[in-house]
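So this block is entry_22.csv, CSV, C-alpha atoms and all ligand atoms:
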chain,number,residue,atom,x,y,z
A,1,MET,CA,53.6,87.2,94.4
A,2,ARG,CA,54.0,90.9,95.2
A,3,LEU,CA,55.3,89.9,98.6
A,4,ALA,CA,58.5,88.5,97.0
A,5,ALA,CA,60.9,91.4,96.9
A,6,SER,CA,63.9,89.4,95.6
A,7,ILE,CA,64.9,86.2,93.9
A,8,ALA,CA,66.1,85.1,97.4
A,9,ASP,CA,62.5,85.6,98.6
A,10,LEU,CA,61.2,83.4,95.8
A,11,ARG,CA,63.8,80.8,96.7
A,12,SER,CA,62.6,80.6,100.3
A,13,MET,CA,59.0,80.4,99.1
A,14,THR,CA,59.9,77.5,96.8
A,15,GLU,CA,61.8,75.7,99.5
A,16,LYS,CA,58.6,75.7,101.6
A,17,ALA,CA,56.4,74.7,98.7
A,18,ILE,CA,58.1,71.7,97.1
A,19,PRO,CA,59.6,68.4,98.4
A,20,LYS,CA,63.1,68.6,99.8
A,21,ALA,CA,64.5,66.1,97.2
A,22,LEU,CA,63.2,68.4,94.4
A,23,PHE,CA,64.4,71.6,96.0
A,24,GLU,CA,67.9,70.1,96.4
A,25,TYR,CA,67.8,68.9,92.8
A,26,VAL,CA,67.1,72.4,91.7
A,27,SER,CA,69.4,74.4,94.0
A,28,GLY,CA,72.3,72.0,94.2
A,29,GLY,CA,75.5,71.6,92.2
A,30,SER,CA,77.7,68.7,91.5
A,31,TYR,CA,80.1,67.1,94.0
A,32,GLU,CA,81.5,69.7,96.5
A,33,GLN,CA,79.7,72.5,94.7
A,34,ILE,CA,82.9,74.5,94.2
A,35,THR,CA,81.9,75.8,90.8
A,36,LEU,CA,78.3,76.5,91.9
A,37,ARG,CA,79.7,78.8,94.6
A,38,ALA,CA,82.4,80.2,92.2
A,39,ASN,CA,79.7,81.5,89.8
A,40,LYS,CA,78.1,83.7,92.4
A,41,ALA,CA,81.4,84.6,94.2
A,42,ALA,CA,82.9,85.8,90.9
A,43,LEU,CA,79.9,88.1,90.2
A,44,ASP,CA,79.9,89.4,93.8
A,45,ALA,CA,83.6,90.2,93.5
A,46,ILE,CA,83.0,92.6,90.6
A,47,ALA,CA,82.5,96.2,91.6
A,48,LEU,CA,80.3,98.6,89.6
A,49,ARG,CA,81.3,102.1,88.9
A,50,GLN,CA,78.7,104.5,90.3
A,51,ARG,CA,78.2,107.5,88.0
A,52,VAL,CA,76.2,110.6,88.8
A,53,LEU,CA,74.4,113.6,87.2
A,54,VAL,CA,73.6,111.7,84.0
A,55,ASP,CA,70.0,112.1,82.7
A,56,VAL,CA,68.7,108.6,82.8
A,57,SER,CA,65.0,109.4,82.8
A,58,GLU,CA,64.4,107.7,79.5
A,59,ARG,CA,65.8,104.2,79.9
A,60,SER,CA,65.3,101.3,77.5
A,61,LEU,CA,66.2,97.7,78.2
A,62,ALA,CA,65.3,96.6,74.6
A,63,ALA,CA,67.9,94.6,72.7
A,64,THR,CA,68.3,91.9,70.1
A,65,MET,CA,69.2,88.3,70.5
A,66,LEU,CA,70.0,86.4,67.3
A,67,GLY,CA,68.3,89.1,65.3
A,68,ARG,CA,65.1,89.1,67.3
A,69,ARG,CA,64.0,92.0,69.4
A,70,VAL,CA,63.7,91.2,73.1
A,71,SER,CA,62.3,93.5,75.8
A,72,CYS,CA,65.5,93.0,77.7
A,73,PRO,CA,68.6,90.7,77.1
A,74,ILE,CA,67.6,88.0,79.6
A,75,ALA,CA,66.4,84.5,78.5
A,76,LEU,CA,65.2,81.5,80.4
A,77,ALA,CA,67.7,78.7,80.3
A,78,PRO,CA,66.7,75.1,79.6
A,79,THR,CA,66.0,73.2,82.8
A,80,GLY,CA,65.1,69.6,82.9
A,81,LEU,CA,62.1,68.5,85.0
A,82,SER,CA,60.6,72.0,85.4
A,83,GLY,CA,57.2,70.3,85.3
A,84,LEU,CA,57.9,68.7,88.6
A,85,VAL,CA,58.7,72.0,90.3
A,86,HIS,CA,55.1,73.1,89.4
A,87,SER,CA,52.5,71.1,87.4
A,88,ASP,CA,52.8,72.0,83.7
A,89,GLY,CA,55.9,74.0,84.7
A,90,GLU,CA,57.3,74.3,81.2
A,91,ILE,CA,54.1,75.8,79.9
A,92,HIS,CA,53.8,78.3,82.7
A,93,ALA,CA,57.5,79.3,82.3
A,94,CYS,CA,57.1,79.7,78.5
A,95,ARG,CA,54.0,81.8,78.8
A,96,ALA,CA,55.6,84.1,81.4
A,97,ALA,CA,58.7,84.5,79.2
A,98,GLN,CA,56.7,85.3,76.1
A,99,ALA,CA,54.5,87.7,78.0
A,100,ALA,CA,57.6,89.5,79.1
A,101,GLY,CA,59.1,89.5,75.6
A,102,ILE,CA,62.1,87.3,76.2
A,103,PRO,CA,63.1,83.8,74.9
A,104,TYR,CA,62.2,80.6,76.6
A,105,THR,CA,64.3,77.4,76.0
A,106,LEU,CA,62.6,74.0,76.5
A,107,SER,CA,64.9,71.2,77.7
A,108,THR,CA,65.1,67.8,76.0
A,109,VAL,CA,64.4,66.3,79.4
A,110,SER,CA,61.3,68.4,80.1
A,111,ILE,CA,58.1,67.1,81.6
A,112,CYS,CA,55.8,68.8,79.1
A,113,SER,CA,56.6,67.8,75.6
A,114,LEU,CA,57.5,70.0,72.6
A,115,GLU,CA,54.0,69.5,71.3
A,116,ASP,CA,52.4,70.2,74.8
A,117,VAL,CA,54.2,73.6,75.0
A,118,ALA,CA,53.6,74.5,71.4
A,119,ALA,CA,49.9,73.9,71.8
A,120,ALA,CA,49.8,76.2,74.8
A,121,VAL,CA,51.6,79.3,73.5
A,122,ASP,CA,51.3,81.5,70.5
A,123,ALA,CA,55.0,82.4,69.7
A,124,PRO,CA,58.1,80.3,68.8
A,125,PHE,CA,60.3,79.1,71.6
A,126,TRP,CA,63.8,77.7,71.6
A,127,PHE,CA,64.6,74.0,72.0
A,128,GLN,CA,67.7,72.6,73.8
A,129,LEU,CA,69.1,69.4,72.4
A,130,TYR,CA,71.1,66.6,74.0
A,131,VAL,CA,72.7,64.5,71.3
A,132,MET,CA,71.7,61.0,72.6
A,133,GLN,CA,73.3,57.7,71.8
A,134,ASP,CA,70.2,56.8,69.8
A,135,ARG,CA,70.9,59.1,66.8
A,136,ASP,CA,67.6,58.3,65.1
A,137,PHE,CA,65.8,59.5,68.2
A,138,THR,CA,68.0,62.6,68.3
A,139,LYS,CA,67.1,63.3,64.7
A,140,SER,CA,63.4,62.9,65.4
A,141,LEU,CA,63.7,65.4,68.3
A,142,ILE,CA,65.3,68.0,65.9
A,143,GLU,CA,62.5,67.3,63.3
A,144,ARG,CA,59.8,67.7,66.0
A,145,ALA,CA,61.3,71.0,67.2
A,146,ALA,CA,61.2,72.3,63.6
A,147,ALA,CA,57.6,70.9,63.2
A,148,VAL,CA,56.3,72.9,66.2
A,149,GLY,CA,58.0,76.1,65.0
A,150,CYS,CA,61.0,76.4,67.2
A,151,ASP,CA,63.4,78.9,65.6
A,152,THR,CA,66.5,78.3,67.6
A,153,LEU,CA,68.2,75.0,68.6
A,154,VAL,CA,70.5,75.1,71.6
A,155,MET,CA,72.9,72.1,71.5
A,156,THR,CA,74.2,71.4,75.0
A,157,VAL,CA,77.8,70.2,74.8
A,158,ASP,CA,78.9,69.9,78.4
A,159,LEU,CA,77.0,66.8,79.4
A,160,GLN,CA,78.3,63.9,77.4
A,161,VAL,CA,79.0,62.4,80.8
A,162,GLN,CA,76.8,63.3,83.8
A,163,GLY,CA,78.2,65.1,86.8
A,164,GLN,CA,76.6,63.9,90.1
A,165,ARG,CA,74.8,65.8,92.8
A,166,TYR,CA,75.4,64.1,96.2
A,167,SER,CA,71.9,65.2,97.4
A,168,ASP,CA,70.2,63.4,94.5
A,169,ILE,CA,71.9,60.1,95.6
A,170,ARG,CA,70.9,60.6,99.2
A,171,ASN,CA,67.4,61.7,98.4
A,172,GLY,CA,66.8,58.9,95.9
A,173,MET,CA,65.6,61.6,93.4
A,174,SER,CA,63.5,59.8,90.8
A,175,VAL,CA,61.3,60.5,87.7
A,176,PRO,CA,58.4,60.3,88.1
A,177,PRO,CA,58.6,61.2,91.8
A,178,ARG,CA,57.7,58.3,94.1
A,179,LEU,CA,56.0,58.4,97.4
A,180,THR,CA,58.2,56.4,99.8
A,181,PRO,CA,58.2,55.9,103.6
A,182,GLY,CA,61.2,58.2,103.6
A,183,ASN,CA,59.5,61.2,101.9
A,184,ALA,CA,55.8,60.6,102.8
A,185,LEU,CA,55.7,63.1,105.7
A,186,ASP,CA,57.6,65.7,103.6
A,187,ILE,CA,55.1,65.3,100.7
A,188,MET,CA,52.1,65.4,103.0
A,189,LEU,CA,53.3,68.8,104.2
A,190,LYS,CA,53.3,70.1,100.6
A,191,PRO,CA,49.6,69.2,99.7
A,192,ARG,CA,49.4,71.9,96.9
A,193,TRP,CA,52.5,70.5,95.2
A,194,ALA,CA,51.2,66.9,95.6
A,195,LEU,CA,47.8,67.8,94.2
A,196,GLY,CA,49.3,69.6,91.2
A,197,VAL,CA,52.2,67.3,90.3
A,198,LEU,CA,51.6,63.9,91.9
A,199,CYS,CA,47.9,63.9,91.0
A,200,GLY,CA,48.5,65.8,87.7
A,201,LYS,CA,48.6,64.3,84.2
A,202,ARG,CA,52.2,65.0,83.3
A,203,LYS,CA,55.1,63.7,85.5
A,204,ASN,CA,57.4,61.8,83.1
A,205,PHE,CA,59.9,62.8,80.4
A,206,GLY,CA,57.4,64.4,78.0
A,207,ASN,CA,59.6,64.4,74.9
A,208,LEU,CA,60.5,60.7,75.3
A,209,ALA,CA,57.5,58.9,76.7
A,210,GLY,CA,55.8,56.7,74.2
A,211,ARG,CA,58.3,57.7,71.5
A,212,VAL,CA,61.1,55.2,72.1
A,213,ALA,CA,60.5,51.7,70.8
A,214,GLY,CA,60.8,49.1,73.6
A,215,VAL,CA,60.9,51.6,76.5
A,216,GLU,CA,57.5,51.7,78.0
A,217,GLY,CA,57.5,51.7,81.8
A,218,VAL,CA,58.2,54.9,83.7
A,219,ARG,CA,61.1,53.3,85.5
A,220,SER,CA,62.8,52.0,82.3
A,221,MET,CA,62.3,55.5,80.7
A,222,ALA,CA,64.4,57.1,83.5
A,223,GLU,CA,67.0,54.4,83.1
A,224,TRP,CA,67.0,54.7,79.3
A,225,THR,CA,67.5,58.5,79.6
A,226,ALA,CA,70.4,58.2,82.0
A,227,ARG,CA,72.1,55.7,79.7
A,228,GLN,CA,71.5,57.8,76.6
A,229,TYR,CA,74.0,60.6,77.4
A,230,ASP,CA,76.8,59.9,74.9
A,231,PRO,CA,80.5,60.2,75.7
A,232,THR,CA,81.3,59.9,72.0
A,233,VAL,CA,79.7,63.2,71.1
A,234,SER,CA,82.3,65.3,69.2
A,235,TRP,CA,82.7,68.3,66.9
A,236,ARG,CA,81.5,66.0,64.1
A,237,ASP,CA,78.1,65.9,65.8
A,238,VAL,CA,77.8,69.6,65.7
A,239,SER,CA,78.2,69.5,61.9
A,240,TRP,CA,75.6,66.6,61.8
A,241,VAL,CA,73.1,68.6,63.8
A,242,ARG,CA,73.8,71.6,61.6
A,243,SER,CA,73.0,69.6,58.5
A,244,LEU,CA,69.6,68.7,60.0
A,245,TRP,CA,68.6,72.1,61.4
A,246,LYS,CA,67.9,75.2,59.3
A,247,GLY,CA,67.3,77.7,62.1
A,248,ASN,CA,69.7,79.4,64.5
A,249,LEU,CA,72.1,77.0,66.2
A,250,VAL,CA,73.7,77.8,69.5
A,251,LEU,CA,76.2,75.8,71.4
A,252,LYS,CA,75.7,75.7,75.2
A,253,GLY,CA,78.5,74.9,77.7
A,254,ILE,CA,81.5,76.5,76.2
A,255,LEU,CA,84.0,77.6,78.9
A,256,ASP,CA,87.3,77.6,77.1
A,257,PRO,CA,88.6,80.2,74.5
A,258,GLU,CA,90.1,77.4,72.4
A,259,ASP,CA,86.7,75.6,72.2
A,260,ALA,CA,85.0,78.9,71.5
A,261,ARG,CA,87.4,79.6,68.5
A,262,ARG,CA,86.7,76.1,67.1
A,263,ALA,CA,83.0,76.6,67.6
A,264,ALA,CA,83.0,79.9,65.8
A,265,GLU,CA,84.6,78.3,62.7
A,266,LEU,CA,81.4,76.3,62.3
A,267,ASP,CA,78.1,77.6,61.0
A,268,ILE,CA,76.6,78.5,64.3
A,269,GLN,CA,75.0,81.7,65.4
A,270,GLY,CA,75.7,81.8,69.1
A,271,LEU,CA,77.3,80.2,72.1
A,272,ILE,CA,76.5,80.2,75.8
A,273,VAL,CA,79.4,80.5,78.2
A,274,SER,CA,78.3,78.1,80.9
A,275,ASN,CA,79.4,75.5,83.3
A,276,HIS,CA,75.8,74.1,83.5
A,277,GLY,CA,75.2,76.2,86.7
A,278,GLY,CA,77.9,74.3,88.5
A,279,ARG,CA,76.2,71.0,87.9
A,280,GLN,CA,78.8,69.3,85.8
A,281,LEU,CA,82.6,69.7,86.1
A,282,ASP,CA,83.1,70.7,89.8
A,283,GLY,CA,86.2,72.9,89.9
A,284,ALA,CA,85.6,74.4,86.5
A,285,VAL,CA,86.1,78.2,86.2
A,286,SER,CA,83.2,80.5,86.9
A,287,SER,CA,81.3,81.9,83.9
A,288,ALA,CA,82.4,85.4,84.8
A,289,ALA,CA,86.0,84.4,84.7
A,290,ALA,CA,85.6,82.6,81.4
A,291,LEU,CA,83.5,85.2,79.6
A,292,PRO,CA,85.9,88.2,78.7
A,293,GLU,CA,88.5,86.0,77.0
A,294,ILE,CA,85.8,84.2,75.0
A,295,VAL,CA,84.2,87.5,73.9
A,296,ALA,CA,87.6,88.8,72.9
A,297,ALA,CA,88.2,85.6,70.9
A,298,VAL,CA,84.9,85.2,69.0
A,299,GLY,CA,82.6,88.1,69.9
A,300,ASP,CA,82.8,89.6,66.4
A,301,LYS,CA,81.8,86.2,64.8
A,302,VAL,CA,79.0,84.8,66.9
A,303,GLU,CA,76.7,86.1,69.6
A,304,VAL,CA,78.2,85.3,73.0
A,305,PHE,CA,75.7,84.6,75.8
A,306,VAL,CA,76.4,83.6,79.4
A,307,ASP,CA,74.7,81.9,82.3
A,308,GLY,CA,75.5,81.0,85.9
A,309,GLY,CA,74.8,82.4,89.4
A,310,VAL,CA,72.4,85.3,88.5
A,311,THR,CA,70.3,86.3,91.4
A,312,THR,CA,70.0,90.1,90.8
A,313,GLY,CA,69.7,92.5,88.0
A,314,MET,CA,73.1,93.8,88.9
A,315,ASP,CA,74.5,90.4,88.1
A,316,VAL,CA,72.9,90.7,84.7
A,317,LEU,CA,74.5,94.2,84.3
A,318,LYS,CA,77.9,92.8,85.2
A,319,TYR,CA,77.7,90.0,82.6
A,320,LEU,CA,76.6,92.5,80.0
A,321,ALA,CA,79.5,94.8,80.9
A,322,LEU,CA,81.9,91.8,80.5
A,323,GLY,CA,80.7,91.5,76.9
A,324,ALA,CA,77.7,89.1,76.9
A,325,ARG,CA,74.9,89.8,74.3
A,326,GLY,CA,72.4,88.2,76.6
A,327,VAL,CA,72.1,86.5,80.0
A,328,PHE,CA,70.4,83.2,80.7
A,329,ILE,CA,68.8,82.4,84.0
A,330,GLY,CA,68.1,79.0,85.4
A,331,ARG,CA,67.4,78.7,89.1
A,332,ALA,CA,66.2,82.3,89.4
A,333,PHE,CA,63.2,81.5,87.3
A,334,LEU,CA,62.7,78.0,88.8
A,335,TYR,CA,62.4,79.7,92.2
A,336,GLY,CA,59.6,81.8,90.7
A,337,LEU,CA,58.0,78.8,89.2
A,338,GLY,CA,58.0,76.8,92.5
A,339,ALA,CA,56.7,79.9,94.4
A,340,GLY,CA,53.8,80.6,92.1
A,341,GLY,CA,53.7,79.1,88.6
A,342,ALA,CA,53.5,81.5,85.7
A,343,ALA,CA,52.9,84.5,88.1
A,344,GLY,CA,56.0,83.5,90.0
A,345,VAL,CA,58.2,83.3,86.8
A,346,ALA,CA,56.7,86.7,85.7
A,347,ARG,CA,57.7,88.0,89.2
A,348,ALA,CA,61.3,86.6,88.9
A,349,ILE,CA,61.7,88.3,85.4
A,350,ALA,CA,60.2,91.6,86.7
A,351,ILE,CA,62.5,91.6,89.7
A,352,LEU,CA,65.6,91.1,87.5
A,353,ARG,CA,64.4,93.7,84.9
A,354,ASP,CA,63.7,96.3,87.5
A,355,GLU,CA,67.0,95.8,89.2
A,356,LEU,CA,68.8,95.9,85.9
A,357,SER,CA,67.1,99.2,85.1
A,358,VAL,CA,68.1,100.7,88.4
A,359,GLY,CA,71.6,99.4,88.0
A,360,MET,CA,71.9,101.0,84.6
A,361,ALA,CA,70.6,104.3,85.9
A,362,LEU,CA,73.1,104.4,88.8
A,363,THR,CA,76.0,103.5,86.5
A,364,GLY,CA,74.9,106.3,84.1
A,365,ARG,CA,73.5,104.1,81.3
A,366,ALA,CA,70.2,104.7,79.5
A,367,ALA,CA,70.3,101.9,76.9
A,368,ILE,CA,71.7,98.4,76.7
A,369,ALA,CA,74.0,99.4,73.9
A,370,GLU,CA,75.7,101.9,76.4
A,371,ILE,CA,76.7,99.1,78.8
A,372,ASP,CA,80.4,98.5,78.3
A,373,PRO,CA,83.4,97.6,80.5
A,374,GLY,CA,83.4,101.2,81.7
A,375,VAL,CA,80.4,100.2,83.9
A,376,LEU,CA,82.9,98.2,86.0
A,377,ALA,CA,85.2,99.6,88.6
A,378,GLY,CA,88.9,99.0,88.3
A,379,ASP,CA,90.2,96.3,85.9
A,380,CYS,CA,87.3,93.9,86.0
A,381,SER,CA,87.9,92.6,82.5
A,382,ILE,CA,89.8,89.7,84.1
A,383,VAL,CA,88.0,88.1,87.0
A,384,ASP,CA,89.9,85.6,89.1
B,401,LIG,C1,67.3,72.1,87.8
B,401,LIG,C2,68.1,72.4,86.6
B,401,LIG,C3,68.0,71.6,85.5
B,401,LIG,C4,68.8,71.9,84.4
B,401,LIG,N1,68.6,71.1,83.2
B,401,LIG,C5,69.3,71.4,82.1
B,401,LIG,C6,69.0,70.8,80.9
B,401,LIG,O1,68.1,69.9,80.8
B,401,LIG,N2,69.7,71.1,79.8
B,401,LIG,C7,70.7,72.1,79.9
B,401,LIG,O2,71.3,72.4,78.8
B,401,LIG,N3,71.0,72.7,81.0
B,401,LIG,C8,70.3,72.4,82.1
B,401,LIG,N4,70.6,73.1,83.3
B,401,LIG,C9,71.5,74.2,83.3
B,401,LIG,C10,70.9,75.5,82.9
B,401,LIG,O3,70.5,75.6,81.6
B,401,LIG,C11,71.8,76.7,83.2
B,401,LIG,O4,73.0,76.5,82.5
B,401,LIG,C12,72.1,77.0,84.6
B,401,LIG,O5,70.9,76.8,85.4
B,401,LIG,C13,72.6,78.4,84.8
B,401,LIG,O6,72.9,78.7,86.2
B,401,LIG,P1,71.9,79.3,87.2
B,401,LIG,O7,70.9,78.3,87.6
B,401,LIG,O8,72.8,79.7,88.4
B,401,LIG,O9,71.2,80.5,86.6
B,401,LIG,C14,69.8,72.9,84.4
B,401,LIG,C15,69.9,73.7,85.6
B,401,LIG,C16,69.1,73.4,86.7
B,401,LIG,C17,69.3,74.3,87.9

Please go through the file and, once you have read it, give me the structure as structure tokens.
Amino acid sequence: MRLAASIADLRSMTEKAIPKALFEYVSGGSYEQITLRANKAALDAIALRQRVLVDVSERSLAATMLGRRVSCPIALAPTGLSGLVHSDGEIHACRAAQAAGIPYTLSTVSICSLEDVAAAVDAPFWFQLYVMQDRDFTKSLIERAAAVGCDTLVMTVDLQVQGQRYSDIRNGMSVPPRLTPGNALDIMLKPRWALGVLCGKRKNFGNLAGRVAGVEGVRSMAEWTARQYDPTVSWRDVSWVRSLWKGNLVLKGILDPEDARRAAELDIQGLIVSNHGGRQLDGAVSSAAALPEIVAAVGDKVEVFVDGGVTTGMDVLKYLALGARGVFIGRAFLYGLGAGGAAGVARAIAILRDELSVGMALTGRAAIAEIDPGVLAGDCSIVD
């Protein structure tokens, strides 16, 4: 893993290690991928202010997220099907995050179940909830998350209708992955992945399998899941979830200041400015463009987090300077996972941490609390 100098290196390693259909599922965005590109382009367009002759020998990246101390303000975002990128992927990612002292968020549509992950780690993790059409099942997910000791529920609100990735249609991306004449050669060239995932125990939706009455076969499970995203989900459902959940509640997928204001009126503790990594509304604004106005609107009421497009520690620094309390990473850790399981995720986190630390030093900041808009050159509080 030491050979990987950057997240880009981990990405190349993963591309070589896992089937093409899966790599494109991870790396891709919806439709023409305009928002996927915009997330990164907006970060790239922000310039940092180089400052010199400040003693930065004693730097600390420690911070708090939702009242908990973290070793640095980075968290792993919920990503469905991580357990197909690497066998037992969610367990590996959670272990790596906890060893690094940062939060891990398990997706509703994970391969390892809530119970699988809880049994494999020692500390609480966060759980991401999709409110599904089957409200009884949704309620049971919330109860299971509480029962295994999750302390934070992340309710994703930007996927009541699913955006489409063209590559998934072309590749016939399926859960569980199937060996077909079209992908046989590709899979044969990835024997390690095939041995781990195809021959492994867990390759279906772990939180759902065996839990939904009348849905048994693996095929019907995937179809059931796709049908369960609920276009009726509304603000009322946030109150319903709140009534069922005693811990921290975070809304993920807020991109508009008006929605942020409405969210902050409810009893929630945080929100994540996100366009789902460019996987939902193609043409939506980048996270960096949306963040400053949302921080200005509600930053004194709830903790505002952000995700989208992070590939370096300097990206993390820019989001923090734009006002985020913490930064979630999706693909960056999945590339580590595909490249080398828990060690790969640990490497991805270490790369971002080290780069953040250097970025802080060279902008004259020794502590996370010192990162403010002054870190940015020019008027970067508004990003087009
Ligand atoms: C492969 C993949 C699967 C994802 N699955 C989920 C999911 O199950 N739930 C969710 O709320 N967000 C999901 N997301 C979105 C991430 O939580 C996050 O918003 C996004 O990855 C951030 O962008 P980045 O990948 O550029 O860091 C997924 C993202 C990816 C790349």

May I have a table of the residues of stretch 67-116 of chain A lying at most 10 Å from stretch 172-194 of chain A, giving each one's closest pair of atoms and their distance in Å to one decimal, counting only C-alpha atoms, ordered by chain and ascending residue number, as JSON lines?
{"residue": "A:Leu81", "atom": "CA", "partner": "A:Val175", "partner_atom": "CA", "distance": 8.5}
{"residue": "A:Leu84", "atom": "CA", "partner": "A:Pro177", "partner_atom": "CA", "distance": 8.2}
{"residue": "A:Val85", "atom": "CA", "partner": "A:Trp193", "partner_atom": "CA", "distance": 8.0}
{"residue": "A:His86", "atom": "CA", "partner": "A:Trp193", "partner_atom": "CA", "distance": 6.9}
{"residue": "A:Ser87", "atom": "CA", "partner": "A:Trp193", "partner_atom": "CA", "distance": 7.8}
{"residue": "A:Ile111", "atom": "CA", "partner": "A:Pro176", "partner_atom": "CA", "distance": 9.4}

May I have a table of the residues of chain A lying at most 9 Å from ligand LIG 401 (chain B), giving each one's closest pair of atoms and their distance in Å to one decimal, counting only C-alpha atoms and all ligand atoms, ordered by chain and ascending residue number, as CSV?
residue,atom,partner,partner_atom,distance
A:Leu22,CA,B:LIG401,C1,8.6
A:Phe23,CA,B:LIG401,C1,8.7
A:Glu24,CA,B:LIG401,C1,8.8
A:Tyr25,CA,B:LIG401,C1,6.0
A:Val26,CA,B:LIG401,C1,3.9
A:Ser27,CA,B:LIG401,C17,6.1
A:Gly28,CA,B:LIG401,C17,7.3
A:Gly29,CA,B:LIG401,C17,8.0
A:Leu36,CA,B:LIG401,O8,7.3
A:Asn39,CA,B:LIG401,O8,7.3
A:Lys40,CA,B:LIG401,O8,7.8
A:Leu76,CA,B:LIG401,O3,8.0
A:Ala77,CA,B:LIG401,O3,4.4
A:Pro78,CA,B:LIG401,O3,4.3
A:Thr79,CA,B:LIG401,N1,3.4
A:Gly80,CA,B:LIG401,O1,3.7
A:Leu81,CA,B:LIG401,C3,6.7
A:Ser82,CA,B:LIG401,C1,7.1
A:Val85,CA,B:LIG401,C1,9.0
A:Thr105,CA,B:LIG401,O3,8.5
A:Leu106,CA,B:LIG401,O1,8.1
A:Ser107,CA,B:LIG401,O1,4.6
A:Thr108,CA,B:LIG401,O1,6.0
A:Val109,CA,B:LIG401,O1,5.3
A:Ser110,CA,B:LIG401,O1,7.0
A:Gln128,CA,B:LIG401,O2,6.2
A:Leu129,CA,B:LIG401,O2,7.4
A:Tyr130,CA,B:LIG401,N2,7.5
A:Val154,CA,B:LIG401,O2,7.7
A:Met155,CA,B:LIG401,O2,7.5
A:Thr156,CA,B:LIG401,O2,4.9
A:Val157,CA,B:LIG401,O2,7.9
A:Asp158,CA,B:LIG401,O2,8.0
A:Leu159,CA,B:LIG401,O2,8.0
A:Lys252,CA,B:LIG401,O2,6.6
A:Gly253,CA,B:LIG401,O4,7.5
A:Ile272,CA,B:LIG401,O4,8.4
A:Val273,CA,B:LIG401,O4,8.7
A:Ser274,CA,B:LIG401,O4,5.8
A:Asn275,CA,B:LIG401,O4,6.5
A:His276,CA,B:LIG401,O4,3.8
A:Gly277,CA,B:LIG401,O6,3.4
A:Gly278,CA,B:LIG401,O6,7.0
A:Arg279,CA,B:LIG401,C15,7.2
A:Val306,CA,B:LIG401,C13,8.4
A:Asp307,CA,B:LIG401,C13,4.8
A:Gly308,CA,B:LIG401,O6,3.5
A:Gly309,CA,B:LIG401,O8,3.5
A:Val310,CA,B:LIG401,O9,5.3
A:Thr311,CA,B:LIG401,O9,7.6
A:Val327,CA,B:LIG401,O9,9.0
A:Phe328,CA,B:LIG401,O9,6.5
A:Ile329,CA,B:LIG401,O9,4.0
A:Gly330,CA,B:LIG401,O5,3.6
A:Arg331,CA,B:LIG401,O7,3.8
A:Ala332,CA,B:LIG401,O9,6.0
A:Phe333,CA,B:LIG401,O9,8.1
A:Leu334,CA,B:LIG401,C1,7.5

Handout entry: Long-range neighbours of stretch 139-152 of chain A as a PyMOL selection string, 8 Å cut-off, all atoms listed in the file, 2 positions minimum in chain
Key = chain A and resi 114-115+118+124-127+129+135-137+154+207+244-245+247-250

Can you check which parts of stretch 247-351 of chain A lie within 7 Å of stretch 30-35 of chain A? Per residue, the shortest pair of atoms and distance in Å to one decimal, counting all atoms listed in the file, sorted by chain and number, as a Markdown table.
| residue | atom | partner | partner_atom | distance |
| --- | --- | --- | --- | --- |
| A:Gly278 | CA | A:Thr35 | CA | 4.9 |
| A:Arg279 | CA | A:Ser30 | CA | 4.5 |
| A:Gln280 | CA | A:Ser30 | CA | 5.8 |
| A:Asp282 | CA | A:Thr35 | CA | 5.3 |
| A:Gly283 | CA | A:Thr35 | CA | 5.3 |
| A:Ala284 | CA | A:Thr35 | CA | 5.8 |
| A:Val285 | CA | A:Thr35 | CA | 6.7 |
| A:Ser286 | CA | A:Thr35 | CA | 6.2 |

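Picture a line from atom CA of A:Thr138 to atom CA of A:Asp230; it runs 11.3 Å.
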
Neighbouring residues of A:Arg95 were defined as those with any atom within 10 Å, considering all atoms listed in the file; residues of the same chain fewer than 4 positions away were excluded. Please report them as a PDB file with C-alpha atoms, in the frame of the given file.
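Here's the written file selection-v7.pdb:
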ATOM      1  CA  GLY A  89      55.900  74.000  84.700  1.00  0.00           C
ATOM      2  CA  GLU A  90      57.300  74.300  81.200  1.00  0.00           C
ATOM      3  CA  ILE A  91      54.100  75.800  79.900  1.00  0.00           C
ATOM      4  CA  ALA A  99      54.500  87.700  78.000  1.00  0.00           C
ATOM      5  CA  ALA A 100      57.600  89.500  79.100  1.00  0.00           C
ATOM      6  CA  GLY A 101      59.100  89.500  75.600  1.00  0.00           C
ATOM      7  CA  TYR A 104      62.200  80.600  76.600  1.00  0.00           C
ATOM      8  CA  VAL A 117      54.200  73.600  75.000  1.00  0.00           C
ATOM      9  CA  ALA A 120      49.800  76.200  74.800  1.00  0.00           C
ATOM     10  CA  VAL A 121      51.600  79.300  73.500  1.00  0.00           C
ATOM     11  CA  ASP A 122      51.300  81.500  70.500  1.00  0.00           C
ATOM     12  CA  ALA A 123      55.000  82.400  69.700  1.00  0.00           C
ATOM     13  CA  PHE A 125      60.300  79.100  71.600  1.00  0.00           C
ATOM     14  CA  ALA A 342      53.500  81.500  85.700  1.00  0.00           C
ATOM     15  CA  ALA A 343      52.900  84.500  88.100  1.00  0.00           C
ATOM     16  CA  VAL A 345      58.200  83.300  86.800  1.00  0.00           C
ATOM     17  CA  ALA A 346      56.700  86.700  85.700  1.00  0.00           C
TER      18      ALA A 346
END

Problem - Interatomic distance (Å, one decimal) between atom CA of A:Met13 and atom CA of A:Ala339 - result: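 Atom CA of A:Met13 sits 5.3 Å away from atom CA of A:Ala339.
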
Exercise for the section: Tell me, in Å to one decimal, how far atom CA of A:Cys112 is from atom CA of A:Gly210. Expected result: 13.1 Å
